[in-house]
file my_file.cif (mmCIF, C-alpha atoms)
data_run
#
loop_
_atom_site.group_PDB
_atom_site.id
_atom_site.type_symbol
_atom_site.label_atom_id
_atom_site.label_comp_id
_atom_site.auth_asym_id
_atom_site.auth_seq_id
_atom_site.Cartn_x
_atom_site.Cartn_y
_atom_site.Cartn_z
ATOM 1 C CA MET J 1 49.071 -35.855 15.298
ATOM 2 C CA ILE J 2 49.485 -38.189 12.317
ATOM 3 C CA LEU J 3 45.724 -38.311 11.780
ATOM 4 C CA LEU J 4 45.597 -34.512 11.901
ATOM 5 C CA LEU J 5 48.331 -34.262 9.227
ATOM 6 C CA TYR J 6 46.510 -36.801 7.075
ATOM 7 C CA LEU J 7 43.192 -34.921 7.390
ATOM 8 C CA LYS J 8 44.903 -31.618 6.576
ATOM 9 C CA LYS J 9 46.527 -33.128 3.468
ATOM 10 C CA LYS J 10 43.209 -34.633 2.422
ATOM 11 C CA ALA J 11 41.449 -31.256 2.810
ATOM 12 C CA ILE J 12 44.167 -29.507 0.756
ATOM 13 C CA ASP J 13 43.881 -32.182 -1.964
ATOM 14 C CA GLU J 14 40.094 -31.727 -2.070
ATOM 15 C CA HIS J 15 40.496 -27.927 -2.324
ATOM 16 C CA PHE J 16 43.045 -28.437 -5.105
ATOM 17 C CA SER J 17 40.615 -30.695 -7.010
ATOM 18 C CA THR J 18 37.859 -28.102 -6.618
ATOM 19 C CA PHE J 19 40.185 -25.308 -7.774
ATOM 20 C CA LYS J 20 41.310 -27.365 -10.796
ATOM 21 C CA HIS J 21 37.697 -28.191 -11.724
ATOM 22 C CA THR J 22 36.672 -24.523 -11.418
ATOM 23 C CA LEU J 23 39.580 -23.397 -13.623
ATOM 24 C CA GLN J 24 38.794 -26.021 -16.276
ATOM 25 C CA THR J 25 35.095 -25.145 -16.266
ATOM 26 C CA GLU J 26 35.771 -21.418 -16.664
ATOM 27 C CA LEU J 27 38.392 -21.988 -19.378
ATOM 28 C CA SER J 28 36.089 -24.322 -21.319
ATOM 29 C CA LEU J 29 33.401 -21.615 -21.311
ATOM 30 C CA MET J 30 35.830 -19.085 -22.814
ATOM 31 C CA PRO J 31 35.770 -19.204 -26.610
ATOM 32 C CA LEU J 32 39.267 -19.135 -28.083
ATOM 33 C CA TYR J 33 38.567 -15.960 -30.047
ATOM 34 C CA GLN J 34 38.425 -14.119 -26.686
ATOM 35 C CA ILE J 35 41.922 -15.317 -25.827
ATOM 36 C CA SER J 36 43.769 -15.266 -29.166
ATOM 37 C CA GLN J 37 44.632 -12.522 -31.608
ATOM 38 C CA SER J 38 42.388 -12.379 -34.634
ATOM 39 C CA SER J 39 43.937 -11.994 -38.027
ATOM 40 C CA HIS J 40 42.671 -11.384 -41.551
ATOM 41 C CA LEU J 41 44.189 -14.801 -42.339
ATOM 42 C CA ASP J 42 41.582 -16.437 -40.059
ATOM 43 C CA ARG J 43 38.804 -15.423 -42.422
ATOM 44 C CA GLN J 44 40.554 -16.507 -45.632
ATOM 45 C CA ASN J 45 39.769 -20.177 -45.538
ATOM 46 C CA ASN J 46 36.928 -22.606 -46.085
ATOM 47 C CA CYS J 47 37.963 -25.035 -43.357
ATOM 48 C CA PRO J 48 36.221 -25.481 -39.997
ATOM 49 C CA SER J 49 37.249 -22.802 -37.489
ATOM 50 C CA HIS J 50 38.395 -25.335 -34.885
ATOM 51 C CA VAL J 51 41.313 -26.368 -37.135
ATOM 52 C CA ASN J 52 42.702 -22.830 -37.213
ATOM 53 C CA ASN J 53 41.819 -22.346 -33.528
ATOM 54 C CA ALA J 54 43.819 -25.442 -32.559
ATOM 55 C CA VAL J 55 46.875 -24.346 -34.548
ATOM 56 C CA LYS J 56 46.713 -20.846 -33.063
ATOM 57 C CA ALA J 57 46.381 -22.237 -29.532
ATOM 58 C CA VAL J 58 49.425 -24.471 -30.032
ATOM 59 C CA PHE J 59 51.748 -22.065 -31.871
ATOM 60 C CA GLU J 60 50.657 -18.543 -30.982
ATOM 61 C CA GLU J 61 52.511 -17.259 -27.913
ATOM 62 C CA TYR J 62 49.877 -14.571 -27.369
ATOM 63 C CA THR J 63 47.247 -17.231 -26.587
ATOM 64 C CA SER J 64 49.342 -19.225 -24.097
ATOM 65 C CA SER J 65 50.530 -15.998 -22.473
ATOM 66 C CA ARG J 66 46.934 -14.820 -21.982
ATOM 67 C CA ILE J 67 45.909 -18.180 -20.465
ATOM 68 C CA GLN J 68 48.972 -18.208 -18.199
ATOM 69 C CA ASN J 69 48.162 -14.671 -17.038
ATOM 70 C CA TRP J 70 44.541 -15.677 -16.399
ATOM 71 C CA VAL J 71 45.548 -18.767 -14.356
ATOM 72 C CA ASN J 72 48.048 -16.797 -12.252
ATOM 73 C CA HIS J 73 45.462 -14.055 -11.681
ATOM 74 C CA LYS J 74 42.999 -16.720 -10.431
ATOM 75 C CA VAL J 75 45.671 -18.017 -8.040
ATOM 76 C CA GLU J 76 46.367 -14.506 -6.694
ATOM 77 C CA ASN J 77 42.665 -13.874 -6.094
ATOM 78 C CA ASN J 78 41.626 -17.273 -4.717
ATOM 79 C CA ILE J 79 44.539 -18.925 -2.898
ATOM 80 C CA LYS J 80 45.906 -17.491 0.366
ATOM 81 C CA ASN J 81 49.182 -19.426 0.498
ATOM 82 C CA PRO J 82 49.761 -20.770 -3.021
ATOM 83 C CA ASP J 83 53.159 -22.273 -2.278
ATOM 84 C CA SER J 84 51.824 -24.728 0.302
ATOM 85 C CA PHE J 85 48.595 -25.194 -1.682
ATOM 86 C CA PHE J 86 50.384 -26.276 -4.875
ATOM 87 C CA THR J 87 53.254 -28.170 -3.222
ATOM 88 C CA SER J 88 52.690 -31.413 -1.333
ATOM 89 C CA LYS J 89 55.094 -32.326 1.430
ATOM 90 C CA PRO J 90 55.804 -35.960 2.291
ATOM 91 C CA ILE J 91 53.661 -37.560 4.998
ATOM 92 C CA ILE J 92 54.834 -40.499 7.090
ATOM 93 C CA VAL J 93 52.220 -42.566 8.911
ATOM 94 C CA GLY J 94 53.866 -45.213 11.055
ATOM 95 C CA GLU J 95 56.531 -46.612 8.800
ATOM 96 C CA THR J 96 54.692 -45.853 5.548
ATOM 97 C CA LEU J 97 55.927 -42.994 3.384
ATOM 98 C CA TYR J 98 53.144 -41.466 1.294
ATOM 99 C CA GLN J 99 55.419 -39.345 -0.883
ATOM 100 C CA SER J 100 59.120 -39.248 -1.604
ATOM 101 C CA LEU J 101 61.064 -38.272 1.474
ATOM 102 C CA TRP J 102 63.666 -36.195 -0.343
ATOM 103 C CA SER J 103 61.457 -33.703 -2.177
ATOM 104 C CA GLU J 104 58.226 -31.835 -2.303
ATOM 105 C CA VAL J 105 55.902 -32.636 -5.174
ATOM 106 C CA SER J 106 54.361 -29.811 -7.201
ATOM 107 C CA LYS J 107 50.759 -30.197 -8.261
ATOM 108 C CA ASN J 108 50.328 -29.497 -11.953
ATOM 109 C CA LEU J 109 47.200 -28.810 -13.984
ATOM 110 C CA ASN J 110 46.158 -29.982 -17.425
ATOM 111 C CA LEU J 111 43.747 -27.420 -18.874
ATOM 112 C CA GLU J 112 41.814 -27.915 -22.118
ATOM 113 C CA VAL J 113 41.153 -24.990 -24.454
ATOM 114 C CA ASN J 114 37.684 -24.481 -25.936
ATOM 115 C CA LEU J 115 38.152 -24.836 -29.708
ATOM 116 C CA ASN J 116 34.400 -24.571 -30.414
ATOM 117 C CA ASN J 117 34.425 -27.909 -32.201
ATOM 118 C CA GLY J 118 31.768 -29.830 -30.286
ATOM 119 C CA SER J 119 32.771 -33.439 -29.750
ATOM 120 C CA ASP J 120 35.461 -33.652 -32.470
ATOM 121 C CA GLY J 121 38.333 -35.509 -30.757
ATOM 122 C CA GLN J 122 40.555 -34.991 -33.790
ATOM 123 C CA TYR J 123 41.518 -31.529 -32.510
ATOM 124 C CA ARG J 124 42.227 -31.010 -28.840
ATOM 125 C CA VAL J 125 44.618 -28.583 -27.153
ATOM 126 C CA ILE J 126 45.732 -29.163 -23.565
ATOM 127 C CA PHE J 127 48.044 -26.811 -21.695
ATOM 128 C CA LEU J 128 50.179 -28.083 -18.824
ATOM 129 C CA ALA J 129 50.331 -25.517 -16.029
ATOM 130 C CA LYS J 130 53.331 -26.259 -13.784
ATOM 131 C CA TRP J 131 53.713 -24.603 -10.407
ATOM 132 C CA ILE J 132 57.178 -23.033 -10.150
ATOM 133 C CA LYS J 133 57.868 -22.596 -6.438
ATOM 134 C CA GLU J 134 60.829 -20.252 -6.964
ATOM 135 C CA LEU J 135 58.696 -17.913 -9.088
ATOM 136 C CA GLY J 136 55.491 -18.267 -7.088
ATOM 137 C CA ALA J 137 53.528 -18.709 -10.304
ATOM 138 C CA PHE J 138 52.387 -21.159 -12.943
ATOM 139 C CA SER J 139 54.304 -21.596 -16.154
ATOM 140 C CA LEU J 140 52.290 -22.782 -19.136
ATOM 141 C CA SER J 141 53.235 -25.011 -22.059
ATOM 142 C CA VAL J 142 51.375 -27.153 -24.555
ATOM 143 C CA ASN J 143 51.092 -30.758 -23.344
ATOM 144 C CA PRO J 144 52.402 -32.628 -26.424
ATOM 145 C CA TYR J 145 51.032 -35.987 -25.263
ATOM 146 C CA LEU J 146 47.408 -34.883 -24.797
ATOM 147 C CA THR J 147 47.226 -32.297 -27.606
ATOM 148 C CA TYR J 148 45.925 -33.619 -30.933
ATOM 149 C CA LEU J 149 46.004 -32.013 -34.375
ATOM 150 C CA ASP J 150 44.111 -33.986 -37.006
ATOM 151 C CA GLY J 151 43.929 -36.971 -34.636
ATOM 152 C CA ILE J 152 47.702 -37.172 -34.132
ATOM 153 C CA ALA J 153 49.358 -36.395 -30.787
ATOM 154 C CA LEU J 154 51.633 -33.383 -31.059
ATOM 155 C CA ASN J 155 54.665 -35.329 -29.805
ATOM 156 C CA HIS J 156 54.392 -37.569 -32.902
ATOM 157 C CA TYR J 157 54.886 -34.567 -35.188
ATOM 158 C CA LYS J 158 58.429 -34.303 -33.821
ATOM 159 C CA ILE J 159 59.136 -37.944 -34.650
ATOM 160 C CA SER J 160 57.912 -37.900 -38.247
ATOM 161 C CA ALA J 161 55.991 -35.771 -40.698
ATOM 162 C CA PRO J 162 52.550 -37.389 -40.599
ATOM 163 C CA SER J 163 50.027 -37.160 -43.397
ATOM 164 C CA VAL J 164 47.463 -34.518 -42.391
ATOM 165 C CA SER J 165 44.415 -32.890 -43.925
ATOM 166 C CA GLN J 166 44.741 -29.996 -46.347
ATOM 167 C CA CYS J 167 42.909 -27.755 -43.858
ATOM 168 C CA LEU J 168 45.553 -28.420 -41.209
ATOM 169 C CA LYS J 169 48.364 -27.835 -43.722
ATOM 170 C CA ASN J 170 46.802 -24.497 -44.689
ATOM 171 C CA ALA J 171 46.302 -23.460 -41.045
ATOM 172 C CA LEU J 172 49.914 -24.371 -40.228
ATOM 173 C CA ASP J 173 51.195 -22.454 -43.260
ATOM 174 C CA ARG J 174 49.127 -19.371 -42.397
ATOM 175 C CA ASN J 175 49.829 -19.309 -38.675
ATOM 176 C CA LEU J 176 53.462 -20.338 -38.709
ATOM 177 C CA SER J 177 54.429 -18.042 -41.561
ATOM 178 C CA SER J 178 52.608 -15.070 -40.005
ATOM 179 C CA SER J 179 54.206 -15.830 -36.615
ATOM 180 C CA MET J 180 57.644 -16.034 -38.225
ATOM 181 C CA SER J 181 57.149 -12.902 -40.327
ATOM 182 C CA SER J 182 55.959 -10.889 -37.298
ATOM 183 C CA TYR J 183 58.937 -12.207 -35.289
ATOM 184 C CA ILE J 184 61.377 -11.310 -38.091
ATOM 185 C CA SER J 185 59.911 -7.836 -38.574
ATOM 186 C CA SER J 186 59.999 -7.093 -34.818
ATOM 187 C CA THR J 187 63.578 -8.377 -34.612
ATOM 188 C CA ASN J 188 64.669 -6.300 -37.623
ATOM 189 C CA ASN J 189 62.996 -3.176 -36.249
ATOM 190 C CA GLY J 190 65.046 -3.479 -33.069
ATOM 191 C CA ASP J 191 68.335 -3.613 -34.988
ATOM 192 C CA THR J 192 67.954 -0.385 -36.925
#
call {"tool": "encode", "arguments": {"input": "my_file.cif", "output": "structure tokens"}}
result
Amino acid sequence: MILLLYLKKKAIDEHFSTFKHTLQTELSLMPLYQISQSSHLDRQNNCPSHVNNAVKAVFEEYTSSRIQNWVNHKVENNIKNPDSFFTSKPIIVGETLYQSLWSEVSKNLNLEVNLNNGSDGQYRVIFLAKWIKELGAFSLSVNPYLTYLDGIALNHYKISAPSVSQCLKNALDRNLSSSMSSYISSTNNGDT
């Protein structure tokens, strides 16, 4: 019985690894312009496109929402029982506990966005997809520890204001101000 449980868990873990690899491969083949909203501001700059792409991927809700929708659609179409697939239960073999006895452990995914920047490690955007058992779906957020803008991890931007390239400053100004202005205009339109 214990061996059967172990083999079942091992098979589920292998299927999970295959599913994760398939998702990452498909996402890395998708250029960001297919996922994000294009803007006239994107064309008004002389900087490499991957700088603007990275900023849009991090700060534009439309992009993360599209990726989240795509991931959840893949789950619906490819996984029969997602709750047991994405949640590991503890296994006890003899007196050895292989996971915490008091809780199930959700399997999460780190998914990298294709910024079309070749091998430039200075800009990298990773989304953390967390399985939410109560919702039966993945929630998506930017992984601040694995996401880099101008070679600096995103979580360090919260600690201090690092010195960054002019291209990144321009992309942040363009994307954040247009995001804020569209948010303000949609909020104001609802009040009248």
call {"tool": "residues_around", "arguments": {"input": "my_file.cif", "residues": "Pro48 in chain J", "least_positions_apart": "5", "cutoff": "10 Å", "atoms": "all atoms listed in the file", "output": "PDB file with C-alpha atoms, in the coordinates of the input"}}
result
ATOM      1  CA  ASN J  53      41.819 -22.346 -33.528  1.00  0.00           C
ATOM      2  CA  ASN J 116      34.400 -24.571 -30.414  1.00  0.00           C
ATOM      3  CA  ASN J 117      34.425 -27.909 -32.201  1.00  0.00           C
ATOM      4  CA  CYS J 167      42.909 -27.755 -43.858  1.00  0.00           C
ATOM      5  CA  LEU J 168      45.553 -28.420 -41.209  1.00  0.00           C
TER       6      LEU J 168
END
call {"tool": "resolve_selection", "arguments": {"input": "my_file.cif", "expression": "the PyMOL selection byres ((chain J and resi 28) around 12)", "output": "PyMOL selection string"}}
result
chain J and resi 21-27+29-32+34-35+67+111-118+124-126
call {"tool": "atom_distance", "arguments": {"input": "my_file.cif", "atom1": "CA of Ala153 in chain J", "atom2": "CA of Lys20 in chain J"}}
result
23.4 Å
call {"tool": "resolve_selection", "arguments": {"input": "my_file.cif", "expression": "the PyMOL selection byres ((chain J and resi 68) around 10)", "output": "PDB file with C-alpha atoms, in the frame of the given file"}}
result
ATOM      1  CA  TYR J  62      49.877 -14.571 -27.369  1.00  0.00           C
ATOM      2  CA  THR J  63      47.247 -17.231 -26.587  1.00  0.00           C
ATOM      3  CA  SER J  64      49.342 -19.225 -24.097  1.00  0.00           C
ATOM      4  CA  SER J  65      50.530 -15.998 -22.473  1.00  0.00           C
ATOM      5  CA  ARG J  66      46.934 -14.820 -21.982  1.00  0.00           C
ATOM      6  CA  ILE J  67      45.909 -18.180 -20.465  1.00  0.00           C
ATOM      7  CA  ASN J  69      48.162 -14.671 -17.038  1.00  0.00           C
ATOM      8  CA  TRP J  70      44.541 -15.677 -16.399  1.00  0.00           C
ATOM      9  CA  VAL J  71      45.548 -18.767 -14.356  1.00  0.00           C
ATOM     10  CA  ASN J  72      48.048 -16.797 -12.252  1.00  0.00           C
ATOM     11  CA  HIS J  73      45.462 -14.055 -11.681  1.00  0.00           C
ATOM     12  CA  LYS J  74      42.999 -16.720 -10.431  1.00  0.00           C
ATOM     13  CA  PHE J 127      48.044 -26.811 -21.695  1.00  0.00           C
ATOM     14  CA  LEU J 128      50.179 -28.083 -18.824  1.00  0.00           C
ATOM     15  CA  ALA J 129      50.331 -25.517 -16.029  1.00  0.00           C
ATOM     16  CA  ALA J 137      53.528 -18.709 -10.304  1.00  0.00           C
ATOM     17  CA  PHE J 138      52.387 -21.159 -12.943  1.00  0.00           C
ATOM     18  CA  SER J 139      54.304 -21.596 -16.154  1.00  0.00           C
ATOM     19  CA  LEU J 140      52.290 -22.782 -19.136  1.00  0.00           C
ATOM     20  CA  SER J 141      53.235 -25.011 -22.059  1.00  0.00           C
TER      21      SER J 141
END
call {"tool": "closest_residue", "arguments": {"input": "my_file.cif", "among": "J:Tyr157, J:Phe19, J:Phe59, J:Tyr148", "to": "Lys107 in chain J", "atoms": "only C-alpha atoms"}}
result
J:Phe19
call {"tool": "atom_distance", "arguments": {"input": "my_file.cif", "atom1": "CA of Thr18 in chain J", "atom2": "CA of Pro144 in chain J"}}
result
25.0 Å
call {"tool": "atom_distance", "arguments": {"input": "my_file.cif", "atom1": "CA of Asp150 in chain J", "atom2": "CA of Asn175 in chain J"}}
result
15.8 Å
call {"tool": "closest_residue", "arguments": {"input": "my_file.cif", "among": "J:Ala11, J:Asn46, J:Ala54, J:Ser17", "to": "Asn108 in chain J", "atoms": "all atoms listed in the file"}}
result
J:Ser17
call {"tool": "residues_around", "arguments": {"input": "my_file.cif", "residues": "Asn155 in chain J", "least_positions_apart": "5", "cutoff": "10 Å", "atoms": "all atoms listed in the file", "output": "list of chain:residue names"}}
result
J:Asn143, J:Pro144, J:Tyr145, J:Leu146, J:Thr147, J:Tyr148, J:Ser160
call {"tool": "write_last_selection", "arguments": {"input": "my_file.cif", "atoms": "C-alpha atoms", "output": "PDB file, in the frame of the given file"}}
result
ATOM      1  CA  ASN J 143      51.092 -30.758 -23.344  1.00  0.00           C
ATOM      2  CA  PRO J 144      52.402 -32.628 -26.424  1.00  0.00           C
ATOM      3  CA  TYR J 145      51.032 -35.987 -25.263  1.00  0.00           C
ATOM      4  CA  LEU J 146      47.408 -34.883 -24.797  1.00  0.00           C
ATOM      5  CA  THR J 147      47.226 -32.297 -27.606  1.00  0.00           C
ATOM      6  CA  TYR J 148      45.925 -33.619 -30.933  1.00  0.00           C
ATOM      7  CA  SER J 160      57.912 -37.900 -38.247  1.00  0.00           C
TER       8      SER J 160
END
call {"tool": "closest_residue", "arguments": {"input": "my_file.cif", "among": "J:Ile79, J:Val164, J:Leu176, J:Leu109", "to": "Gly136 in chain J", "atoms": "only C-alpha atoms"}}
result
J:Ile79
call {"tool": "closest_residue", "arguments": {"input": "my_file.cif", "among": "J:Val142, J:Val75, J:Val55, J:Cys47", "to": "Phe16 in chain J", "atoms": "all atoms listed in the file"}}
result
J:Val75
call {"tool": "closest_residue", "arguments": {"input": "my_file.cif", "among": "J:Asn110, J:Asp83, J:Val58, J:Asn78", "to": "Trp131 in chain J", "atoms": "all atoms listed in the file"}}
result
J:Asp83
call {"tool": "closest_residue", "arguments": {"input": "my_file.cif", "among": "J:Lys130, J:Lys9, J:Lys56, J:His15", "to": "Asp173 in chain J", "atoms": "only C-alpha atoms"}}
result
J:Lys56
